Amino acid sequence: MSQRPVADDTARDAWLVALNPTAKVASVLVLGLASIVFPSPILGALIVVALFALAAAMGYFRPFAKLMIGFGIPVTLMLLLIQGCYSPQNVTVIADLGFARLGLEGTLYALSTVVTLLTFLGGFYLMNRTTYTGELVADLTERGLPPKAGYLVLASLNVVPQMKRRMATIQEAQVARGLDMGGDIISRVRATVPLLGPVVMSSLADAEERSMMLETHGFHLNERAHTSYVVVRHATADKPLVIASAVVLVLSVAARIASVAGVLPL
Amino acid sequence: MKIEIKDLVHEYLPGMRALDGVNLTLDGTAPVAIIGQNGAGKTTLVKHFDGILRPTSGQVLLDGHDINERSCAQWSAHVGYVFQNPDNQLFLESVRHELEFGPRQLGVSEAAIAKRVERVAKLVGLSRKLDVNPADLTPAEKKFCAIGSVLTMKPEVVIFDEPTCGQDLAGNARLERIIRALRKSGRLCITISHDVKFVCKCFERVVVMCHGRVLVEGSVEEVFSQPELLKQSYVIPAPVTRVASAAGMNKVVFDVDSLIEGVKAERSS
Amino acid sequence: MDSIIKVDDFSFRYRDAKRCAVRHLDFEVPEGGFLCVVGPNGSGKSTLCNALVGLVPHHFNGKGRGSVRVLGQKVADQTIAQISCNVGFVFQNPFNQLSYTAGTVAEELAYGLGNHGVPRDEMVRRIEQIAGPLHLEGLLDRNPLELSGGQIQRVALGSTLIMNPRVLVLDECTTQLDPLGSEEIFDIVKKLNEDGMTVVMVDHDMERVARCADHVLALSRGNQVAFGTPEEVFGDPALEEHGVDIPDYVRISRTLEDEGLASGPVTLTEGACAERVGKALGR
């Protein structure tokens with residue numbers, strides 16, 4: 001997530017990269033919400049189709065499809081089995097599977113859950129691929145997010161690769177002392193115990209030094225607004241995007257109310 | 001133990017050669033220092049001596065046995081490895097437990113372990129700190145604790161990675177004693193170091209690595225009498241050596257005493 | 001010029017510690033000076049560095065006596081952030097001096113400026129200014145976590161220098177680097193000092209200390225055992241009794257003198273030492 005997208009204006013996804021990061025996050029969240037609120041899975045399904053089209057236009061259809069299908073199919077099957085066959089709301093039977101009957105109400109519920117999950121998943125995937133985390137955090141900080149919260153997000157993302165490297169070294173050091181990392185699961189789990197001490201110990205030592213670094217770089221200065229070297233992008237399409245998403249949400253809420261009131265047969 | 005390395009190549013990623021055809025035979029008990037710039041392949045090379053890393057191609061033989069015949073844990077009984085950062089190595093609640101851990105893994109009897117711990121603790125200077133938690137030791141003491149935890153396993157080969165890093169005068173003197181003690185008990189000590197002063201003082205054989213290959217190897221005298229060649233791997237001879245050569249002395253010297261002797265000898269001749 | 005650093009009978013004991021980490025330190029460094037702090041492990045070198053940047057007593061609690069003044073102001077009376085505008089600090093482990101918030105070296109360099117609310121235009125200007133001397137021009141768009149230790153240490157030095165400090169405190173900042181990496185850092189520091197920056201450096205390489213320092217402070221078990229010019233400090237034969245290492249150049253000239261082979265004041269550089277040996281050889 002922290003990888004910086006190469007600023008290439010000729011890339012197919014250049015316009016998506018150029019959008020304001022917060023606008024992208026907000027749109028994904030609002031559309032996801034709309035899909036939850038809307039009284040049928042149709043809206044979510046439409047959004048998912050639109051996301052597929054967008055991914056194809058951006059040139060990453062393959063990884064996108066792999067993620068969506070890899071996640072979508074098992075979840076759909078699982079939910080269909082649980083909700084479609086065993087939901088207490090089931091009244092209308094649409095199919096007899098032999099071992100159980102598939103109910104319409106449960107099936108609809110399962111489908112709307114799946115499309116909502118896919119809306120969030122696909123939306124965040126596209127957002128993530130086209131947004132530099134540093135820029136998102138800089139943008140949120142400008143909009144009032146406390147700098148310390150922003151630091152937490154970035155530091156936890158960046159520390160992970162460093163921790164992984166350290167784990168590998170510690171494991172090497174323990175194996176070199178005669179610790180056997182092979183064998184059955186129990187002995188392997190037992191073998192990881194000696195790794196924990198050094199991981200905790202060296203992480204603590206690192207944390208101490210890092211906090212010293214932060215303090216000597218003015219991390220705790222609160223009186224002045226923090227600034228960032230990262231340029232936060234703003235595009236003319238930001239507003240229309242957020243407004244359009246908001247309109248979809250408003251319409252979904254209206255549809256929901258109408259449906260509850262019995263005006264809309266959904 | 002005899003370590004033979006034949007055409008050793010190691011690639012961390014396909015096409016990225018950290019070792020690019022190393023040929024080397026290490027035998028006997030004369031301590032060996034491996035020097036060279038970071039990224040020259042020193043650590044990658046020695047990690048093949050106990051099987052932490054496996055050759056991408058080529059061969060590593062320990063007393064005639066291919067390194068691939070056994071796991072790293074199995075080789076650890078024969079080849080001890082002291083890592084640069086002791087925090088990565090120590091994990092038990094007391095120095096005593098750290099020293100006992102290795103031999104216990106090897107199935108050594110309790111009586112023998114107690115003896116080893118006592119002797120090694122004395123050598124590494126931690127006799128009075130056996131019941132201290134390693135976390136409460138100073139960084140230099142931690143390093144000696146890590147060394148001790150390897151020495152109690154009585155490996156035939158001991159590898160040190162940058163042992164002088166973070167040591168002062170007293171720590172260096174202790175390291176020197178440890179290396180001498182290892183030699184006396186017939187063990188081969190292999191050390192990676194940037195500290196040329198320390199290398200010249202304690203080691204007899206030097207291997208200079210550069211770009212994944214052995215640039216030059218031989219006795220300390222042979223290696224450090226070629227300053228031009230050493231420049232390729234940014235190795236600069238020790239101050240005493242440089243002073244002697246700048247003063248036009250005929251002999252290559254490594255410590256103050258031999259420089260003075262050399263001066264006396266050249267004056268009288 | 002007045003002293004930029006003034007340490008006045010300063011003692012400090014960390015909370016829960018049995019003995020003082022430093023005791024009765026008393027010395028001054030003039031603006032533009034180059035002070036090297038030497039001594040065995042546990043002699044209080046790091047405590048002194050921490051006291052100069054305010055980590056002692058603001059980050060590490062304990063009991064202090066006496067005072068440490070930088071630019072005429074007591075360190076104890078300012079916050080670490082305030083002090084850090086005047087005093088830059090670089091320590092041993094390069095990896096622990098990254099902010100872990102930056103995707104590029106340029107962002108890393110600008111990190112401290114961001115905390116001080118410096119506008120972006122000014123950041124860009126200052127990055128351009130320091131990238132050259134630190135040899136970072138080609139690295140500005142790289143991910144700092146993918147650099148070598150020596151490169152990261154140059155970035156750490158840069159992220160400190162970008163605040164335009166008047167004093168630079170270096171606590172064994174080359175210990176974990178290879179000879180080339182540490183020489184590169186060192187050349188940069190030497191150049192900064194020539195341009196007027198006051199430097200306080202803890203270093204184990206005694207030959208380097210002798211070559212560069214205009215003042216040397218020797219500590220042992222928290223006590224100030226010597227302070228003065230390198231000639232004065234290393235010329236004192238009692239220094240080694242405190243466990244303080246001395247440059248080989250000094251050792252050679254002293255032994256030549258003791259053996260009656262060549263006499264003169266202690267030598268501090270390779271050239272002077274070689275000349276003395278030449279003299280002993282009768283050349």
# chains A, B, ... in the order shown; residues from 1 in each chain; ligands from 1

$ residues_around --residues "Leu126 in chain B" --least-positions-apart "4" --cutoff "9 Å" --atoms "only C-alpha atoms" --output "JSON, numbers by chain"
{"B": [95, 120, 121, 122, 130, 141, 144, 145, 148]}

$ write_last_selection --atoms "N, CA, C and O atoms" --output "compact mmCIF listing (two decimals), in the first residue's frame"
# COMPACT_ATOMS: atom_id res chain seq x y z
N VAL B 95 21.90 -15.68 31.93
CA VAL B 95 23.12 -15.98 31.18
C VAL B 95 23.41 -17.48 31.28
O VAL B 95 23.79 -18.12 30.29
N VAL B 120 33.58 -21.61 30.13
CA VAL B 120 33.28 -20.61 29.11
C VAL B 120 32.94 -19.26 29.75
O VAL B 120 33.39 -18.21 29.28
N ALA B 121 32.17 -19.28 30.84
CA ALA B 121 31.79 -18.03 31.50
C ALA B 121 33.03 -17.26 31.92
O ALA B 121 33.10 -16.03 31.80
N LYS B 122 34.05 -18.00 32.37
CA LYS B 122 35.30 -17.36 32.78
C LYS B 122 35.97 -16.73 31.56
O LYS B 122 36.41 -15.58 31.59
N LEU B 130 26.27 -14.87 35.86
CA LEU B 130 25.55 -16.04 35.35
C LEU B 130 24.05 -16.00 35.64
O LEU B 130 23.27 -16.56 34.89
N GLU B 141 28.52 -6.84 26.84
CA GLU B 141 28.38 -8.10 27.59
C GLU B 141 27.44 -9.05 26.87
O GLU B 141 27.65 -10.26 26.85
N PHE B 144 29.31 -10.94 24.41
CA PHE B 144 30.10 -12.03 24.99
C PHE B 144 29.20 -13.17 25.43
O PHE B 144 29.61 -14.34 25.37
N CYS B 145 28.00 -12.86 25.85
CA CYS B 145 27.05 -13.92 26.22
C CYS B 145 26.71 -14.74 24.99
O CYS B 145 26.66 -15.98 25.03
N GLY B 148 29.61 -16.91 24.24
CA GLY B 148 29.65 -18.01 25.19
C GLY B 148 28.63 -19.09 24.87
O GLY B 148 28.92 -20.28 24.96

$ residues_around --residues "Arg233 in chain A" --least-positions-apart "2" --cutoff "12 Å" --atoms "only C-alpha atoms" --output "JSON list (two decimals) with C-alpha atoms, in the first residue's frame"
[["chain", "number", "residue", "atom", "x", "y", "z"],
["A", 7, "ALA", "CA", 3.85, 9.47, -11.87],
["A", 14, "ALA", "CA", -3.23, 8.42, -14.91],
["A", 15, "TRP", "CA", -6.54, 10.22, -14.36],
["A", 16, "LEU", "CA", -7.46, 7.88, -11.50],
["A", 17, "VAL", "CA", -4.05, 8.44, -9.90],
["A", 18, "ALA", "CA", -4.56, 12.19, -10.30],
["A", 19, "LEU", "CA", -7.78, 12.19, -8.29],
["A", 20, "ASN", "CA", -7.71, 13.41, -4.73],
["A", 21, "PRO", "CA", -7.09, 10.44, -2.40],
["A", 22, "THR", "CA", -9.74, 11.40, 0.12],
["A", 23, "ALA", "CA", -12.29, 11.82, -2.68],
["A", 24, "LYS", "CA", -11.52, 8.28, -3.80],
["A", 130, "THR", "CA", -3.87, 4.26, -7.71],
["A", 131, "THR", "CA", -3.21, 6.01, -4.40],
["A", 132, "TYR", "CA", 0.03, 6.59, -2.60],
["A", 134, "GLY", "CA", 1.68, 8.93, 2.01],
["A", 135, "GLU", "CA", -0.50, 11.21, -0.08],
["A", 136, "LEU", "CA", -3.70, 9.94, 1.50],
["A", 138, "ALA", "CA", -0.98, 13.95, 4.05],
["A", 139, "ASP", "CA", -4.42, 14.82, 2.67],
["A", 230, "VAL", "CA", 4.02, 15.04, -0.36],
["A", 231, "VAL", "CA", 1.96, 16.95, -2.89],
["A", 235, "ALA", "CA", -8.59, 17.13, -9.80],
["A", 236, "THR", "CA", -11.66, 18.76, -11.33],
["A", 237, "ALA", "CA", -13.33, 15.37, -11.31],
["A", 238, "ASP", "CA", -13.08, 15.06, -7.50]]

$ residues_around --residues "Gly271 in chain C" --least-positions-apart "4" --cutoff "8 Å" --atoms "only C-alpha atoms" --output "ChimeraX atom specification"
/B:243,246 /C:275

$ interface_residues --of "chain B" --to "chain A" --cutoff "10 Å" --atoms "only C-alpha atoms" --output "mmCIF file with C-alpha atoms, in the first residue's frame"
data_model
loop_
_atom_site.group_PDB
_atom_site.id
_atom_site.type_symbol
_atom_site.label_atom_id
_atom_site.label_comp_id
_atom_site.auth_asym_id
_atom_site.auth_seq_id
_atom_site.Cartn_x
_atom_site.Cartn_y
_atom_site.Cartn_z
ATOM 1 C CA LYS B 47 26.438 -18.628 6.024
ATOM 2 C CA ASP B 50 26.886 -24.130 8.643
ATOM 3 C CA GLY B 51 24.113 -24.562 6.114
ATOM 4 C CA ILE B 52 22.056 -21.430 6.881
ATOM 5 C CA LEU B 53 22.342 -20.821 3.153
ATOM 6 C CA SER B 71 20.236 -29.557 8.169
ATOM 7 C CA CYS B 72 21.594 -26.357 9.661
ATOM 8 C CA ALA B 73 20.509 -27.509 13.123
ATOM 9 C CA GLN B 74 22.526 -30.696 12.661
ATOM 10 C CA TRP B 75 25.596 -28.825 11.476
ATOM 11 C CA SER B 76 25.341 -26.515 14.483
ATOM 12 C CA ALA B 77 27.044 -29.198 16.574
ATOM 13 C CA VAL B 79 29.992 -25.205 13.244
ATOM 14 C CA GLY B 80 29.063 -22.411 15.645
ATOM 15 C CA TYR B 81 27.885 -19.056 14.364
ATOM 16 C CA VAL B 82 27.890 -15.883 16.455
ATOM 17 C CA PHE B 83 25.655 -13.281 14.848
ATOM 18 C CA GLN B 84 26.482 -9.611 14.709
ATOM 19 C CA ASN B 85 23.496 -8.524 16.765
ATOM 20 C CA PRO B 86 23.244 -10.501 20.033
ATOM 21 C CA ASP B 87 19.644 -9.335 20.496
ATOM 22 C CA ASN B 88 18.743 -11.676 17.653
ATOM 23 C CA GLN B 89 20.322 -14.622 19.381
ATOM 24 C CA LEU B 90 19.607 -14.421 23.116
ATOM 25 C CA PHE B 91 16.195 -15.427 24.402
ATOM 26 C CA LEU B 92 16.478 -17.120 27.790
ATOM 27 C CA GLU B 93 16.007 -15.661 31.249
ATOM 28 C CA PHE B 101 20.976 -24.213 25.971
ATOM 29 C CA GLY B 102 23.254 -25.394 23.153
ATOM 30 C CA PRO B 103 24.934 -28.355 24.844
ATOM 31 C CA ARG B 104 21.563 -29.476 26.246
ATOM 32 C CA GLN B 105 20.154 -29.525 22.709
ATOM 33 C CA LEU B 106 23.105 -31.759 21.816
ATOM 34 C CA ALA B 135 18.390 -8.145 28.739
ATOM 35 C CA SER B 149 26.372 -19.646 24.185
ATOM 36 C CA VAL B 150 28.073 -20.892 21.025
ATOM 37 C CA MET B 153 28.547 -26.325 22.226
#

$ select_by_dssp --residues "range 127-188 of chain A" --states "alpha helix (DSSP H)" --output "PyMOL selection string"
chain A and resi 127-130+133-142+147-175+185-188

$ write_last_selection --atoms "C-alpha atoms" --output "PDB file, in the first residue's frame"
ATOM      1  CA  MET A 127      -8.230   3.060  -4.758  1.00  0.00           C
ATOM      2  CA  ASN A 128      -5.213   1.312  -3.298  1.00  0.00           C
ATOM      3  CA  ARG A 129      -3.596   0.670  -6.658  1.00  0.00           C
ATOM      4  CA  THR A 130      -3.868   4.257  -7.714  1.00  0.00           C
ATOM      5  CA  THR A 133      -0.609   6.049   1.122  1.00  0.00           C
ATOM      6  CA  GLY A 134       1.683   8.932   2.012  1.00  0.00           C
ATOM      7  CA  GLU A 135      -0.497  11.213  -0.076  1.00  0.00           C
ATOM      8  CA  LEU A 136      -3.704   9.943   1.499  1.00  0.00           C
ATOM      9  CA  VAL A 137      -2.317  10.515   4.993  1.00  0.00           C
ATOM     10  CA  ALA A 138      -0.979  13.955   4.047  1.00  0.00           C
ATOM     11  CA  ASP A 139      -4.416  14.823   2.669  1.00  0.00           C
ATOM     12  CA  LEU A 140      -6.242  13.555   5.753  1.00  0.00           C
ATOM     13  CA  THR A 141      -3.814  15.463   7.983  1.00  0.00           C
ATOM     14  CA  GLU A 142      -4.539  18.637   6.047  1.00  0.00           C
ATOM     15  CA  PRO A 147      -0.594  13.958  12.801  1.00  0.00           C
ATOM     16  CA  LYS A 148      -0.033  11.227  15.367  1.00  0.00           C
ATOM     17  CA  ALA A 149      -2.843   9.137  13.893  1.00  0.00           C
ATOM     18  CA  GLY A 150      -1.341   9.624  10.443  1.00  0.00           C
ATOM     19  CA  TYR A 151       2.035   8.578  11.772  1.00  0.00           C
ATOM     20  CA  LEU A 152       0.564   5.398  13.209  1.00  0.00           C
ATOM     21  CA  VAL A 153      -0.935   4.414   9.870  1.00  0.00           C
ATOM     22  CA  LEU A 154       2.244   5.005   7.871  1.00  0.00           C
ATOM     23  CA  ALA A 155       4.684   3.643  10.432  1.00  0.00           C
ATOM     24  CA  SER A 156       2.762   0.422  10.939  1.00  0.00           C
ATOM     25  CA  LEU A 157       2.684  -0.164   7.194  1.00  0.00           C
ATOM     26  CA  ASN A 158       6.387   0.543   6.754  1.00  0.00           C
ATOM     27  CA  VAL A 159       7.614  -1.322   9.793  1.00  0.00           C
ATOM     28  CA  VAL A 160       6.191  -4.634   8.577  1.00  0.00           C
ATOM     29  CA  PRO A 161       8.863  -5.379   5.935  1.00  0.00           C
ATOM     30  CA  GLN A 162      11.546  -4.431   8.445  1.00  0.00           C
ATOM     31  CA  MET A 163      10.027  -6.778  11.034  1.00  0.00           C
ATOM     32  CA  LYS A 164       9.892  -9.580   8.502  1.00  0.00           C
ATOM     33  CA  ARG A 165      13.588  -9.173   7.758  1.00  0.00           C
ATOM     34  CA  ARG A 166      14.334  -9.202  11.459  1.00  0.00           C
ATOM     35  CA  MET A 167      12.254 -12.350  12.007  1.00  0.00           C
ATOM     36  CA  ALA A 168      14.230 -14.093   9.285  1.00  0.00           C
ATOM     37  CA  THR A 169      17.537 -13.133  10.913  1.00  0.00           C
ATOM     38  CA  ILE A 170      16.367 -14.258  14.335  1.00  0.00           C
ATOM     39  CA  GLN A 171      15.227 -17.563  12.922  1.00  0.00           C
ATOM     40  CA  GLU A 172      18.627 -18.056  11.289  1.00  0.00           C
ATOM     41  CA  ALA A 173      20.348 -17.250  14.579  1.00  0.00           C
ATOM     42  CA  GLN A 174      18.259 -19.823  16.438  1.00  0.00           C
ATOM     43  CA  VAL A 175      18.679 -22.531  13.816  1.00  0.00           C
ATOM     44  CA  ILE A 185       3.437 -29.087  13.624  1.00  0.00           C
ATOM     45  CA  ILE A 186       3.815 -29.411  17.392  1.00  0.00           C
ATOM     46  CA  SER A 187       7.602 -29.397  17.297  1.00  0.00           C
ATOM     47  CA  ARG A 188       7.537 -26.519  14.842  1.00  0.00           C
TER      48      ARG A 188
END

$ interface_residues --of "chain A" --to "chain C" --cutoff "6 Å" --atoms "only C-alpha atoms" --output "number ranges by chain"
A: 154-155, 158, 210, 213, 216-219, 224-229

$ closest_atom_pairs --of "range 56-121 of chain C" --to "range 28-37 of chain C" --cutoff "10 Å" --atoms "only C-alpha atoms" --output "Markdown table"
| residue | atom | partner | partner_atom | distance |
| --- | --- | --- | --- | --- |
| C:Val68 | CA | C:Glu28 | CA | 9.8 |
| C:Arg69 | CA | C:Glu28 | CA | 9.4 |
| C:Val70 | CA | C:Val29 | CA | 9.6 |
| C:Leu71 | CA | C:Glu31 | CA | 9.0 |

$ atom_distance --atom1 "CA of Thr229 in chain C" --atom2 "CA of Ala262 in chain C"
22.9 Å

$ interface_residues --of "chain C" --to "chain B" --cutoff "10 Å" --atoms "only C-alpha atoms" --output "PyMOL selection string"
chain C and resi 39-42+92+148-150+172+175-181+204-205+207+240+243-249+251-253+255-256+259+261+269-283

$ select_by_dssp --residues "range 37-253 of chain A" --states "strand (DSSP E or B)" --output "short mmCIF file (atom, residue, chain, number, x, y, z; two decimals) with N, CA and C atoms, in the first residue's frame"
data_model
loop_
_atom_site.label_atom_id
_atom_site.label_comp_id
_atom_site.auth_asym_id
_atom_site.auth_seq_id
_atom_site.Cartn_x
_atom_site.Cartn_y
_atom_site.Cartn_z
N VAL A 93 -39.90 -20.94 -1.55
CA VAL A 93 -38.88 -21.90 -1.98
C VAL A 93 -38.66 -21.75 -3.47
N ILE A 94 -37.38 -21.58 -3.88
CA ILE A 94 -37.13 -21.44 -5.32
C ILE A 94 -36.46 -22.67 -5.91
N ALA A 95 -35.89 -23.51 -5.07
CA ALA A 95 -35.27 -24.72 -5.62
C ALA A 95 -35.14 -25.75 -4.51
N ASP A 96 -35.23 -27.01 -4.88
CA ASP A 96 -35.06 -28.09 -3.92
C ASP A 96 -33.75 -28.79 -4.23
N ARG A 101 -33.71 -26.95 1.08
CA ARG A 101 -34.45 -26.15 0.10
C ARG A 101 -33.89 -24.74 0.07
N LEU A 102 -33.74 -24.21 -1.13
CA LEU A 102 -33.22 -22.86 -1.29
C LEU A 102 -34.36 -21.87 -1.20
N GLY A 103 -34.28 -20.93 -0.22
CA GLY A 103 -35.34 -19.95 -0.05
C GLY A 103 -35.01 -18.63 -0.73
#

$ atom_distance --atom1 "CA of Ala53 in chain A" --atom2 "CA of Thr107 in chain A"
25.8 Å

$ residues_around --residues "range 208-224 of chain B" --least-positions-apart "6" --cutoff "10 Å" --atoms "only C-alpha atoms" --output "JSON, numbers by chain"
{"B": [7, 8, 9, 10, 17, 18, 19, 20, 21, 22, 23, 24, 30, 32, 33, 34, 35, 36, 37, 38, 39, 40, 41, 42, 44, 45, 196, 199, 200, 201, 202, 230, 232, 233, 234, 235, 236, 237, 238, 241, 242, 251, 252, 253, 254]}

$ atom_distance --atom1 "CA of Leu182 in chain B" --atom2 "CA of Ile3 in chain B"
17.0 Å

$ decode --residues "range 151-159 of chain C" --atoms "all heavy atoms" --output "PDB file, in the first residue's frame"
ATOM      1  N   GLN C 151      24.126   4.522   3.165  1.00  0.00           N
ATOM      2  CA  GLN C 151      23.243   5.496   2.517  1.00  0.00           C
ATOM      3  C   GLN C 151      22.188   5.993   3.490  1.00  0.00           C
ATOM      4  O   GLN C 151      21.907   7.192   3.555  1.00  0.00           O
ATOM      5  CB  GLN C 151      22.570   4.860   1.290  1.00  0.00           C
ATOM      6  CG  GLN C 151      23.536   4.634   0.139  1.00  0.00           C
ATOM      7  CD  GLN C 151      22.931   3.772  -0.955  1.00  0.00           C
ATOM      8  OE1 GLN C 151      22.131   2.878  -0.683  1.00  0.00           O
ATOM      9  NE2 GLN C 151      23.312   4.032  -2.193  1.00  0.00           N
ATOM     10  N   ILE C 152      21.612   5.068   4.279  1.00  0.00           N
ATOM     11  CA  ILE C 152      20.582   5.479   5.245  1.00  0.00           C
ATOM     12  C   ILE C 152      21.194   6.441   6.258  1.00  0.00           C
ATOM     13  O   ILE C 152      20.568   7.431   6.647  1.00  0.00           O
ATOM     14  CB  ILE C 152      19.971   4.262   5.968  1.00  0.00           C
ATOM     15  CG1 ILE C 152      19.241   3.373   4.971  1.00  0.00           C
ATOM     16  CG2 ILE C 152      19.001   4.713   7.056  1.00  0.00           C
ATOM     17  CD1 ILE C 152      18.607   2.161   5.594  1.00  0.00           C
ATOM     18  N   GLN C 153      22.424   6.161   6.652  1.00  0.00           N
ATOM     19  CA  GLN C 153      23.046   7.050   7.634  1.00  0.00           C
ATOM     20  C   GLN C 153      23.242   8.449   7.045  1.00  0.00           C
ATOM     21  O   GLN C 153      23.115   9.440   7.737  1.00  0.00           O
ATOM     22  CB  GLN C 153      24.369   6.429   8.114  1.00  0.00           C
ATOM     23  CG  GLN C 153      24.863   6.937   9.446  1.00  0.00           C
ATOM     24  CD  GLN C 153      23.953   6.601  10.616  1.00  0.00           C
ATOM     25  OE1 GLN C 153      22.746   6.772  10.545  1.00  0.00           O
ATOM     26  NE2 GLN C 153      24.508   6.123  11.691  1.00  0.00           N
ATOM     27  N   ARG C 154      23.522   8.519   5.746  1.00  0.00           N
ATOM     28  CA  ARG C 154      23.631   9.843   5.111  1.00  0.00           C
ATOM     29  C   ARG C 154      22.262  10.525   5.081  1.00  0.00           C
ATOM     30  O   ARG C 154      22.160  11.733   5.268  1.00  0.00           O
ATOM     31  CB  ARG C 154      24.185   9.714   3.689  1.00  0.00           C
ATOM     32  CG  ARG C 154      25.630   9.254   3.650  1.00  0.00           C
ATOM     33  CD  ARG C 154      26.366   9.812   2.450  1.00  0.00           C
ATOM     34  NE  ARG C 154      25.755   9.525   1.174  1.00  0.00           N
ATOM     35  CZ  ARG C 154      25.968   8.433   0.451  1.00  0.00           C
ATOM     36  NH1 ARG C 154      26.797   7.517   0.903  1.00  0.00           N
ATOM     37  NH2 ARG C 154      25.383   8.249  -0.704  1.00  0.00           N
ATOM     38  N   VAL C 155      21.205   9.729   4.868  1.00  0.00           N
ATOM     39  CA  VAL C 155      19.848  10.294   4.894  1.00  0.00           C
ATOM     40  C   VAL C 155      19.541  10.808   6.311  1.00  0.00           C
ATOM     41  O   VAL C 155      19.011  11.906   6.486  1.00  0.00           O
ATOM     42  CB  VAL C 155      18.800   9.246   4.463  1.00  0.00           C
ATOM     43  CG1 VAL C 155      17.393   9.790   4.644  1.00  0.00           C
ATOM     44  CG2 VAL C 155      19.022   8.837   3.011  1.00  0.00           C
ATOM     45  N   ALA C 156      19.915   9.999   7.324  1.00  0.00           N
ATOM     46  CA  ALA C 156      19.673  10.409   8.710  1.00  0.00           C
ATOM     47  C   ALA C 156      20.409  11.713   9.011  1.00  0.00           C
ATOM     48  O   ALA C 156      19.854  12.626   9.638  1.00  0.00           O
ATOM     49  CB  ALA C 156      20.119   9.308   9.670  1.00  0.00           C
ATOM     50  N   LEU C 157      21.636  11.788   8.548  1.00  0.00           N
ATOM     51  CA  LEU C 157      22.417  13.006   8.742  1.00  0.00           C
ATOM     52  C   LEU C 157      21.726  14.169   8.033  1.00  0.00           C
ATOM     53  O   LEU C 157      21.598  15.266   8.589  1.00  0.00           O
ATOM     54  CB  LEU C 157      23.831  12.787   8.182  1.00  0.00           C
ATOM     55  CG  LEU C 157      24.872  13.884   8.359  1.00  0.00           C
ATOM     56  CD1 LEU C 157      25.044  14.241   9.823  1.00  0.00           C
ATOM     57  CD2 LEU C 157      26.216  13.450   7.774  1.00  0.00           C
ATOM     58  N   GLY C 158      21.226  13.902   6.821  1.00  0.00           N
ATOM     59  CA  GLY C 158      20.534  14.931   6.051  1.00  0.00           C
ATOM     60  C   GLY C 158      19.266  15.399   6.734  1.00  0.00           C
ATOM     61  O   GLY C 158      18.982  16.601   6.791  1.00  0.00           O
ATOM     62  N   SER C 159      18.490  14.448   7.298  1.00  0.00           N
ATOM     63  CA  SER C 159      17.213  14.831   7.899  1.00  0.00           C
ATOM     64  C   SER C 159      17.447  15.674   9.144  1.00  0.00           C
ATOM     65  O   SER C 159      16.552  16.359   9.622  1.00  0.00           O
ATOM     66  CB  SER C 159      16.369  13.599   8.224  1.00  0.00           C
ATOM     67  OG  SER C 159      16.897  12.936   9.337  1.00  0.00           O
TER      68      SER C 159
END
